[in-house]
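Each remark here refers to the structure printed beneath this line.
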Amino acid sequence: MDNWMELTFPSLSINEGFARSATAAFAALLDPTIDELSDLRTAVSEAVTNAIIHAYGNDRSAMITLRCEAEGKKLRVTVKDTGCGIADIELARRPFYTSKPELERSGMGFAVMEAFTDSLEIESAPGEGTTVIMEKELGRASGN
Amino acid sequence: MEINASKRGPRLHVKLVGELDHHSAEQTRNMLDTLLKDITVRDLTIDLSGVSFMDSAGLGVILGRYRILSMRGGHLTVTGMSGAIDKIFRMSGVYAIVDRV
């Protein structure tokens, strides 16, 4: 691993923007394209929002950990919560599935994370929190 | 989120300025729904050219307004999408039900 950073912040929706800005600032060290940065910001926003809404049910005192690791041109982003966990990960990953339709959620969170990164891994169990690991190679189109 | 709205007959044009994520979704939804309480509105155009960021929470806001309009026989049009927003709309199949300009 060449470089890394880790942030822990409370489960407040205002921190969705902070998390994606912090990730973009770290990723900028890897000389990404504008589109890659945009994809990354969106994917991180989805993961942090899921933690706030689904893992913690808007418990504002709960904590979320965001970790970014750089290895060569590859960035690994981990978003970890200690919330309720996911009983059926396959179902949760299904496009348009949402466990909270009353909140007018689109059910596209994991589908967006998957589409906007190179790989998406979800580790979760009921009552044991959720860890989302996303990897993306950066600087592909920059010629570096 | 900042909203600039103008109405002409049954047509309502709304320009959103800001970031449309879960944090701003509720406020944006409430402001749009206040405007949609006017039942003479049949065609809503949402101008996203001032939206610097949108994720699937924003998609939920757009789809929710589509449902409200379709229930009264109206239409929703989106315009001014950035490449990133267009990508989310395309992957979610939004353009099958929402017009784009």
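In the structure tokens, the first chain shown is A, the next is B, and so on; residue numbers restart at 1 for each chain, and ligands run from 1 in the order shown.
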
Select from chain A every residue with an atom at most 12 Å from any atom of chain B, then for each give the shortest pair of atoms and their distance in Å to one decimal, using only C-alpha atoms, rows by chain and rising number, as CSV.
```
residue,atom,partner,partner_atom,distance
A:Ser11,CA,B:His23,CA,11.4
A:Leu12,CA,B:His23,CA,8.5
A:Ser13,CA,B:His23,CA,4.9
A:Ile14,CA,B:His23,CA,5.9
A:Asn15,CA,B:His23,CA,8.5
A:Glu16,CA,B:His23,CA,7.2
A:Gly17,CA,B:Asp21,CA,8.3
A:Phe18,CA,B:His23,CA,11.2
A:Arg20,CA,B:Phe53,CA,10.4
A:Ser21,CA,B:Phe53,CA,11.2
A:Ile34,CA,B:Ala84,CA,10.3
A:Asp35,CA,B:Ala84,CA,7.6
A:Glu36,CA,B:Ala84,CA,10.0
A:Leu37,CA,B:Ala84,CA,10.3
A:Ser38,CA,B:Ala84,CA,6.8
A:Asp39,CA,B:Ala84,CA,7.2
A:Leu40,CA,B:Ala84,CA,10.6
A:Arg41,CA,B:Phe53,CA,8.7
A:Thr42,CA,B:Asp55,CA,5.8
A:Ala43,CA,B:Asp55,CA,8.2
A:Val44,CA,B:Asp55,CA,9.8
A:Ser45,CA,B:Asp55,CA,7.1
A:Glu46,CA,B:Asp55,CA,6.9
A:Ala47,CA,B:Asp55,CA,10.7
A:Val48,CA,B:His22,CA,9.9
A:Thr49,CA,B:His22,CA,6.7
A:Asn50,CA,B:His22,CA,9.6
A:Ala51,CA,B:His22,CA,11.6
A:Ile52,CA,B:His22,CA,9.5
A:Ile53,CA,B:His22,CA,9.0
A:Asn58,CA,B:His23,CA,11.6
A:Arg94,CA,B:Ser92,CA,11.9
A:Pro95,CA,B:Ser92,CA,8.1
A:Phe96,CA,B:Ser92,CA,8.3
A:Thr98,CA,B:Gly60,CA,11.0
A:Lys100,CA,B:Gly60,CA,11.6
A:Pro101,CA,B:Gly60,CA,9.8
A:Glu102,CA,B:Gly64,CA,10.9
A:Leu103,CA,B:Gly60,CA,8.8
A:Glu104,CA,B:Gly60,CA,5.6
A:Arg105,CA,B:Gly60,CA,5.1
A:Ser106,CA,B:Gly60,CA,4.6
A:Gly107,CA,B:Ser56,CA,7.7
A:Met108,CA,B:Ser56,CA,5.9
A:Gly109,CA,B:Ser56,CA,6.0
A:Phe110,CA,B:Ser56,CA,9.6
A:Ala111,CA,B:Met91,CA,8.8
A:Val112,CA,B:Ile88,CA,7.3
A:Met113,CA,B:Ser56,CA,10.0
A:Glu114,CA,B:Met91,CA,11.2
A:Ala115,CA,B:Met91,CA,8.4
A:Phe116,CA,B:Lys87,CA,9.3
```

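Considering only range 5-55 of chain B, backbone DSSP assigns strand (DSSP E) to Ala5, Ser6, Lys7, Arg8, Arg11, Leu12, His13, Val14, Lys15, Leu16, Val17, Gly18, Glu19, Leu20, Asp43, Leu44, Thr45, Ile46, Asp47, Leu48, Ser49, Gly50, Val51, Ser52, Phe53 and Met54 of chain B.
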
Completion exercise
Of B:Leu20, B:Val94, B:Met71, B:Leu32, the one nearest to Asn4 in chain B when counting only C-alpha atoms is B:Leu32

For Leu30 in chain A: contacts at 9 Å, only C-alpha atoms, fewer than 4 positions along chain excluded, given as an mmCIF file with N, CA, C and O atoms, in the first residue's frame:
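Result saved to around_33.cif:
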```cif
data_model
loop_
_atom_site.group_PDB
_atom_site.id
_atom_site.type_symbol
_atom_site.label_atom_id
_atom_site.label_comp_id
_atom_site.auth_asym_id
_atom_site.auth_seq_id
_atom_site.Cartn_x
_atom_site.Cartn_y
_atom_site.Cartn_z
ATOM 1 N N PHE A 26 -8.405 12.816 -1.656
ATOM 2 C CA PHE A 26 -7.394 11.758 -1.567
ATOM 3 C C PHE A 26 -7.133 11.159 -2.947
ATOM 4 O O PHE A 26 -5.990 10.948 -3.356
ATOM 5 N N ALA A 70 -4.459 3.681 -1.386
ATOM 6 C CA ALA A 70 -3.939 3.778 -2.752
ATOM 7 C C ALA A 70 -2.801 2.787 -2.929
ATOM 8 O O ALA A 70 -1.918 2.672 -2.074
ATOM 9 N N GLY A 72 -0.455 1.895 -6.248
ATOM 10 C CA GLY A 72 -0.265 2.201 -7.665
ATOM 11 C C GLY A 72 -1.367 3.150 -8.109
ATOM 12 O O GLY A 72 -1.606 4.180 -7.501
ATOM 13 N N LYS A 73 -2.077 2.769 -9.159
ATOM 14 C CA LYS A 73 -3.176 3.602 -9.660
ATOM 15 C C LYS A 73 -4.532 3.137 -9.118
ATOM 16 O O LYS A 73 -5.573 3.644 -9.518
ATOM 17 N N LYS A 74 -4.497 2.130 -8.270
ATOM 18 C CA LYS A 74 -5.755 1.572 -7.757
ATOM 19 C C LYS A 74 -6.134 2.196 -6.414
ATOM 20 O O LYS A 74 -5.306 2.298 -5.511
ATOM 21 N N LEU A 75 -7.389 2.596 -6.327
ATOM 22 C CA LEU A 75 -7.908 3.147 -5.076
ATOM 23 C C LEU A 75 -8.925 2.170 -4.492
ATOM 24 O O LEU A 75 -9.803 1.682 -5.202
ATOM 25 N N LEU A 138 -7.563 4.373 -11.304
ATOM 26 C CA LEU A 138 -7.690 5.777 -11.707
ATOM 27 C C LEU A 138 -6.613 6.173 -12.719
ATOM 28 O O LEU A 138 -5.571 5.535 -12.808
ATOM 29 N N GLY A 139 -6.904 7.210 -13.459
ATOM 30 C CA GLY A 139 -5.931 7.743 -14.413
ATOM 31 C C GLY A 139 -5.836 6.955 -15.695
ATOM 32 O O GLY A 139 -4.872 7.083 -16.439
#
```

Handout entry: Backbone-only DSSP, helix (DSSP H, G or I) members of chain A, as a PyMOL selection string
Key = chain A and resi 14-30+34-55+89-93+101-103+109-116
